[in-house]
>>> print(open('model-v5.pdb').read())   # PDB, C-alpha atoms, pLDDT in the B column
ATOM      1  CA  MET A   1     -12.920 -10.165  66.528  1.00 76.00           C
ATOM      2  CA  GLU A   2     -10.586  -7.192  66.076  1.00 82.00           C
ATOM      3  CA  ARG A   3     -12.153  -3.801  65.442  1.00 84.00           C
ATOM      4  CA  GLU A   4     -11.187  -1.762  62.417  1.00 92.00           C
ATOM      5  CA  LYS A   5      -8.604   0.969  63.090  1.00 94.00           C
ATOM      6  CA  LYS A   6      -9.993   4.484  63.218  1.00 97.00           C
ATOM      7  CA  ILE A   7      -7.805   6.945  61.332  1.00 97.00           C
ATOM      8  CA  SER A   8      -7.964  10.696  61.852  1.00 98.00           C
ATOM      9  CA  ASN A   9      -7.080  13.161  59.112  1.00 98.00           C
ATOM     10  CA  VAL A  10      -4.845  16.095  59.957  1.00 98.00           C
ATOM     11  CA  THR A  11      -4.085  18.956  57.573  1.00 98.00           C
ATOM     12  CA  ILE A  12      -1.047  21.131  58.243  1.00 98.00           C
ATOM     13  CA  ALA A  13       0.634  23.889  56.236  1.00 97.00           C
ATOM     14  CA  MET A  14       4.137  22.424  56.499  1.00 96.00           C
ATOM     15  CA  ASP A  15       5.947  19.472  58.026  1.00 96.00           C
ATOM     16  CA  ILE A  16       5.986  19.483  61.834  1.00 97.00           C
ATOM     17  CA  SER A  17       8.287  18.044  64.499  1.00 97.00           C
ATOM     18  CA  ASP A  18       8.011  14.532  65.856  1.00 98.00           C
ATOM     19  CA  ALA A  19       7.216  15.997  69.283  1.00 98.00           C
ATOM     20  CA  LEU A  20       4.201  17.859  67.891  1.00 97.00           C
ATOM     21  CA  LYS A  21       3.104  14.741  65.997  1.00 98.00           C
ATOM     22  CA  ALA A  22       3.221  12.829  69.289  1.00 98.00           C
ATOM     23  CA  GLU A  23       0.972  15.459  70.929  1.00 98.00           C
ATOM     24  CA  ILE A  24      -1.499  15.254  68.037  1.00 98.00           C
ATOM     25  CA  LEU A  25      -1.528  11.457  68.319  1.00 98.00           C
ATOM     26  CA  LYS A  26      -2.336  11.725  72.054  1.00 98.00           C
ATOM     27  CA  PHE A  27      -5.217  14.077  71.230  1.00 97.00           C
ATOM     28  CA  VAL A  28      -6.748  11.812  68.600  1.00 97.00           C
ATOM     29  CA  GLN A  29      -6.266   8.716  70.772  1.00 98.00           C
ATOM     30  CA  ALA A  30      -8.128  10.473  73.586  1.00 98.00           C
ATOM     31  CA  HIS A  31     -11.015  10.797  71.117  1.00 97.00           C
ATOM     32  CA  GLY A  32     -11.014   7.087  70.232  1.00 97.00           C
ATOM     33  CA  TYR A  33      -8.821   7.147  67.130  1.00 97.00           C
ATOM     34  CA  ASP A  34      -5.805   4.927  66.522  1.00 97.00           C
ATOM     35  CA  GLU A  35      -3.737   6.641  63.848  1.00 97.00           C
ATOM     36  CA  VAL A  36      -3.115   9.972  62.157  1.00 98.00           C
ATOM     37  CA  GLN A  37      -2.946  10.511  58.414  1.00 98.00           C
ATOM     38  CA  TYR A  38      -1.211  13.806  57.579  1.00 98.00           C
ATOM     39  CA  CYS A  39      -1.840  16.024  54.570  1.00 98.00           C
ATOM     40  CA  ILE A  40       0.302  19.080  53.863  1.00 98.00           C
ATOM     41  CA  ASP A  41      -1.683  21.928  52.317  1.00 98.00           C
ATOM     42  CA  SER A  42       0.021  25.328  52.163  1.00 96.00           C
ATOM     43  CA  GLU A  43      -3.318  27.003  51.351  1.00 96.00           C
ATOM     44  CA  ILE A  44      -4.324  26.862  55.027  1.00 97.00           C
ATOM     45  CA  MET A  45      -1.371  29.282  55.594  1.00 96.00           C
ATOM     46  CA  GLY A  46      -0.606  27.910  59.052  1.00 96.00           C
ATOM     47  CA  GLY A  47      -2.235  26.179  61.986  1.00 96.00           C
ATOM     48  CA  ILE A  48      -3.925  22.803  61.859  1.00 97.00           C
ATOM     49  CA  ILE A  49      -7.189  21.132  60.886  1.00 98.00           C
ATOM     50  CA  ILE A  50      -8.055  17.851  62.645  1.00 98.00           C
ATOM     51  CA  ARG A  51     -10.872  15.679  61.290  1.00 98.00           C
ATOM     52  CA  LEU A  52     -12.265  12.972  63.551  1.00 98.00           C
ATOM     53  CA  GLY A  53     -15.091  11.427  61.587  1.00 95.00           C
ATOM     54  CA  ASP A  54     -17.789  14.111  61.377  1.00 96.00           C
ATOM     55  CA  GLU A  55     -16.049  16.388  63.899  1.00 97.00           C
ATOM     56  CA  VAL A  56     -13.666  19.049  62.599  1.00 98.00           C
ATOM     57  CA  TYR A  57     -11.301  21.107  64.754  1.00 97.00           C
ATOM     58  CA  ASP A  58     -10.225  23.972  62.496  1.00 98.00           C
ATOM     59  CA  GLY A  59      -7.364  26.064  63.826  1.00 97.00           C
ATOM     60  CA  SER A  60      -6.094  27.131  60.424  1.00 97.00           C
ATOM     61  CA  VAL A  61      -4.931  30.671  59.736  1.00 97.00           C
ATOM     62  CA  LYS A  62      -7.032  30.744  56.567  1.00 96.00           C
ATOM     63  CA  THR A  63     -10.264  30.076  58.480  1.00 96.00           C
ATOM     64  CA  LYS A  64      -9.374  32.667  61.126  1.00 95.00           C
ATOM     65  CA  LEU A  65      -8.710  35.287  58.434  1.00 95.00           C
ATOM     66  CA  ILE A  66     -12.034  34.515  56.736  1.00 95.00           C
ATOM     67  CA  ALA A  67     -13.843  34.901  60.070  1.00 94.00           C
ATOM     68  CA  LEU A  68     -12.045  38.195  60.722  1.00 94.00           C
ATOM     69  CA  LYS A  69     -12.944  39.502  57.270  1.00 92.00           C
ATOM     70  CA  GLN A  70     -16.617  38.609  57.810  1.00 94.00           C
ATOM     71  CA  SER A  71     -16.692  40.396  61.169  1.00 94.00           C
ATOM     72  CA  ILE A  72     -15.418  43.678  59.732  1.00 90.00           C
TER      73      ILE A  72
END
>>> encode(input="model-v5.pdb", output="structure tokens")
Amino acid sequence: MEREKKISNVTIAMDISDALKAEILKFVQAHGYDEVQYCIDSEIMGGIIIRLGDEVYDGSVKTKLIALKQSI
């Protein structure tokens, strides 16, 4: 019986290079995921958000600016 493919969700501010997509795929595969589904959202301003099930790796500029604002 074949297992269902696990798909990660990646949010980026703009389209990225194939080389960077390959690096992201390696990262998600190392965490047990098979594929990457990309979403472009300019509101994150830059950086990347990777969702692996319940885990979220948020490296977006928007989140960093919010954290900076709260620390001031």
>>> residues_around(input="model-v5.pdb", residues="Thr11 of chain A", least_positions_apart="2", cutoff="8 Å", atoms="all atoms listed in the file", output="VMD selection string")
chain A and resid 9 13 38 to 41 48 to 50
>>> atom_distance(input="model-v5.pdb", atom1="atom CA of Leu68 of chain A", atom2="atom CA of Val56 of chain A")
19.3 Å
>>> residues_around(input="model-v5.pdb", residues="Lys64 of chain A", least_positions_apart="4", cutoff="12 Å", atoms="all atoms listed in the file", output="PyMOL selection string")
chain A and resi 44-49+58-60+68-71
>>> closest_residue(input="model-v5.pdb", among="A:Arg51, A:Glu43, A:Thr63, A:Tyr57", to="Met14 of chain A", atoms="only C-alpha atoms")
A:Glu43
>>> closest_residue(input="model-v5.pdb", among="A:Met1, A:Ile72, A:Ile7, A:Ile12", to="Gly53 of chain A", atoms="all atoms listed in the file")
A:Ile7
>>> atom_distance(input="model-v5.pdb", atom1="atom CA of Leu20 of chain A", atom2="atom CA of Ser42 of chain A")
17.9 Å
>>> resolve_selection(input="model-v5.pdb", expression="the PyMOL selection byres ((chain A and resi 27-30) around 10)", output="number ranges by chain")
A: 6-10, 21-26, 31-36, 50-52
>>> axis_aligned_box(input="model-v5.pdb", around="segment 54-71 of chain A", padding_each_side="4 Å", output="AutoDock Vina command-line options")
--center_x -11.4 --center_y 27.3 --center_z 60.7 --size_x 20.9 --size_y 34.3 --size_z 16.2
>>> build_atoms(input="model-v5.pdb", residues="segment 20-43 of chain A", atoms="N, CA, C and O atoms", output="PDB file, keeping the file's coordinate frame")
ATOM      1  N   LEU A  20       5.553  17.358  68.142  1.00 97.00           N
ATOM      2  CA  LEU A  20       4.201  17.859  67.891  1.00 97.00           C
ATOM      3  C   LEU A  20       3.316  16.744  67.347  1.00 97.00           C
ATOM      4  O   LEU A  20       2.139  16.633  67.720  1.00 97.00           O
ATOM      5  N   LYS A  21       3.868  15.884  66.505  1.00 98.00           N
ATOM      6  CA  LYS A  21       3.104  14.741  65.997  1.00 98.00           C
ATOM      7  C   LYS A  21       2.683  13.824  67.144  1.00 98.00           C
ATOM      8  O   LYS A  21       1.572  13.293  67.143  1.00 98.00           O
ATOM      9  N   ALA A  22       3.550  13.655  68.129  1.00 98.00           N
ATOM     10  CA  ALA A  22       3.221  12.829  69.289  1.00 98.00           C
ATOM     11  C   ALA A  22       2.067  13.443  70.085  1.00 98.00           C
ATOM     12  O   ALA A  22       1.172  12.723  70.557  1.00 98.00           O
ATOM     13  N   GLU A  23       2.061  14.777  70.223  1.00 98.00           N
ATOM     14  CA  GLU A  23       0.972  15.459  70.929  1.00 98.00           C
ATOM     15  C   GLU A  23      -0.351  15.314  70.171  1.00 98.00           C
ATOM     16  O   GLU A  23      -1.404  15.123  70.776  1.00 98.00           O
ATOM     17  N   ILE A  24      -0.295  15.422  68.857  1.00 98.00           N
ATOM     18  CA  ILE A  24      -1.499  15.254  68.037  1.00 98.00           C
ATOM     19  C   ILE A  24      -2.023  13.831  68.177  1.00 98.00           C
ATOM     20  O   ILE A  24      -3.232  13.609  68.316  1.00 98.00           O
ATOM     21  N   LEU A  25      -1.120  12.852  68.161  1.00 98.00           N
ATOM     22  CA  LEU A  25      -1.528  11.457  68.319  1.00 98.00           C
ATOM     23  C   LEU A  25      -2.216  11.245  69.670  1.00 98.00           C
ATOM     24  O   LEU A  25      -3.246  10.579  69.742  1.00 98.00           O
ATOM     25  N   LYS A  26      -1.694  11.825  70.728  1.00 98.00           N
ATOM     26  CA  LYS A  26      -2.336  11.725  72.054  1.00 98.00           C
ATOM     27  C   LYS A  26      -3.751  12.284  72.003  1.00 98.00           C
ATOM     28  O   LYS A  26      -4.675  11.707  72.569  1.00 98.00           O
ATOM     29  N   PHE A  27      -3.903  13.438  71.339  1.00 97.00           N
ATOM     30  CA  PHE A  27      -5.217  14.077  71.230  1.00 97.00           C
ATOM     31  C   PHE A  27      -6.211  13.173  70.509  1.00 97.00           C
ATOM     32  O   PHE A  27      -7.322  12.958  70.991  1.00 97.00           O
ATOM     33  N   VAL A  28      -5.806  12.637  69.367  1.00 97.00           N
ATOM     34  CA  VAL A  28      -6.748  11.812  68.600  1.00 97.00           C
ATOM     35  C   VAL A  28      -7.027  10.488  69.318  1.00 97.00           C
ATOM     36  O   VAL A  28      -8.153   9.982  69.270  1.00 97.00           O
ATOM     37  N   GLN A  29      -6.040   9.948  70.016  1.00 98.00           N
ATOM     38  CA  GLN A  29      -6.266   8.716  70.772  1.00 98.00           C
ATOM     39  C   GLN A  29      -7.245   8.954  71.920  1.00 98.00           C
ATOM     40  O   GLN A  29      -8.057   8.094  72.234  1.00 98.00           O
ATOM     41  N   ALA A  30      -7.184  10.132  72.518  1.00 98.00           N
ATOM     42  CA  ALA A  30      -8.128  10.473  73.586  1.00 98.00           C
ATOM     43  C   ALA A  30      -9.559  10.569  73.068  1.00 98.00           C
ATOM     44  O   ALA A  30     -10.514  10.475  73.836  1.00 98.00           O
ATOM     45  N   HIS A  31      -9.697  10.733  71.755  1.00 97.00           N
ATOM     46  CA  HIS A  31     -11.015  10.797  71.117  1.00 97.00           C
ATOM     47  C   HIS A  31     -11.380   9.484  70.418  1.00 97.00           C
ATOM     48  O   HIS A  31     -12.266   9.446  69.568  1.00 97.00           O
ATOM     49  N   GLY A  32     -10.655   8.411  70.740  1.00 97.00           N
ATOM     50  CA  GLY A  32     -11.014   7.087  70.232  1.00 97.00           C
ATOM     51  C   GLY A  32     -10.424   6.706  68.892  1.00 97.00           C
ATOM     52  O   GLY A  32     -10.843   5.723  68.290  1.00 97.00           O
ATOM     53  N   TYR A  33      -9.451   7.454  68.421  1.00 97.00           N
ATOM     54  CA  TYR A  33      -8.821   7.147  67.130  1.00 97.00           C
ATOM     55  C   TYR A  33      -7.460   6.502  67.350  1.00 97.00           C
ATOM     56  O   TYR A  33      -6.818   6.719  68.373  1.00 97.00           O
ATOM     57  N   ASP A  34      -7.029   5.715  66.381  1.00 97.00           N
ATOM     58  CA  ASP A  34      -5.805   4.927  66.522  1.00 97.00           C
ATOM     59  C   ASP A  34      -4.602   5.534  65.812  1.00 97.00           C
ATOM     60  O   ASP A  34      -3.476   5.382  66.279  1.00 97.00           O
ATOM     61  N   GLU A  35      -4.837   6.167  64.681  1.00 97.00           N
ATOM     62  CA  GLU A  35      -3.737   6.641  63.848  1.00 97.00           C
ATOM     63  C   GLU A  35      -4.044   8.027  63.295  1.00 97.00           C
ATOM     64  O   GLU A  35      -5.190   8.474  63.302  1.00 97.00           O
ATOM     65  N   VAL A  36      -2.992   8.660  62.779  1.00 98.00           N
ATOM     66  CA  VAL A  36      -3.115   9.972  62.157  1.00 98.00           C
ATOM     67  C   VAL A  36      -2.593   9.889  60.728  1.00 98.00           C
ATOM     68  O   VAL A  36      -1.513   9.369  60.485  1.00 98.00           O
ATOM     69  N   GLN A  37      -3.383  10.392  59.806  1.00 98.00           N
ATOM     70  CA  GLN A  37      -2.946  10.511  58.414  1.00 98.00           C
ATOM     71  C   GLN A  37      -2.760  12.003  58.151  1.00 98.00           C
ATOM     72  O   GLN A  37      -3.691  12.794  58.309  1.00 98.00           O
ATOM     73  N   TYR A  38      -1.534  12.396  57.787  1.00 98.00           N
ATOM     74  CA  TYR A  38      -1.211  13.806  57.579  1.00 98.00           C
ATOM     75  C   TYR A  38      -1.322  14.197  56.113  1.00 98.00           C
ATOM     76  O   TYR A  38      -0.985  13.420  55.229  1.00 98.00           O
ATOM     77  N   CYS A  39      -1.783  15.425  55.899  1.00 98.00           N
ATOM     78  CA  CYS A  39      -1.840  16.024  54.570  1.00 98.00           C
ATOM     79  C   CYS A  39      -1.248  17.425  54.689  1.00 98.00           C
ATOM     80  O   CYS A  39      -1.659  18.192  55.563  1.00 98.00           O
ATOM     81  N   ILE A  40      -0.280  17.739  53.866  1.00 98.00           N
ATOM     82  CA  ILE A  40       0.302  19.080  53.863  1.00 98.00           C
ATOM     83  C   ILE A  40      -0.396  19.903  52.786  1.00 98.00           C
ATOM     84  O   ILE A  40      -0.443  19.514  51.627  1.00 98.00           O
ATOM     85  N   ASP A  41      -0.958  21.036  53.221  1.00 98.00           N
ATOM     86  CA  ASP A  41      -1.683  21.928  52.317  1.00 98.00           C
ATOM     87  C   ASP A  41      -1.314  23.366  52.668  1.00 98.00           C
ATOM     88  O   ASP A  41      -1.794  23.926  53.652  1.00 98.00           O
ATOM     89  N   SER A  42      -0.454  23.973  51.872  1.00 96.00           N
ATOM     90  CA  SER A  42       0.021  25.328  52.163  1.00 96.00           C
ATOM     91  C   SER A  42      -1.092  26.368  52.089  1.00 96.00           C
ATOM     92  O   SER A  42      -0.944  27.471  52.612  1.00 96.00           O
ATOM     93  N   GLU A  43      -2.220  26.039  51.470  1.00 96.00           N
ATOM     94  CA  GLU A  43      -3.318  27.003  51.351  1.00 96.00           C
ATOM     95  C   GLU A  43      -3.960  27.341  52.689  1.00 96.00           C
ATOM     96  O   GLU A  43      -4.632  28.367  52.802  1.00 96.00           O
TER      97      GLU A  43
END
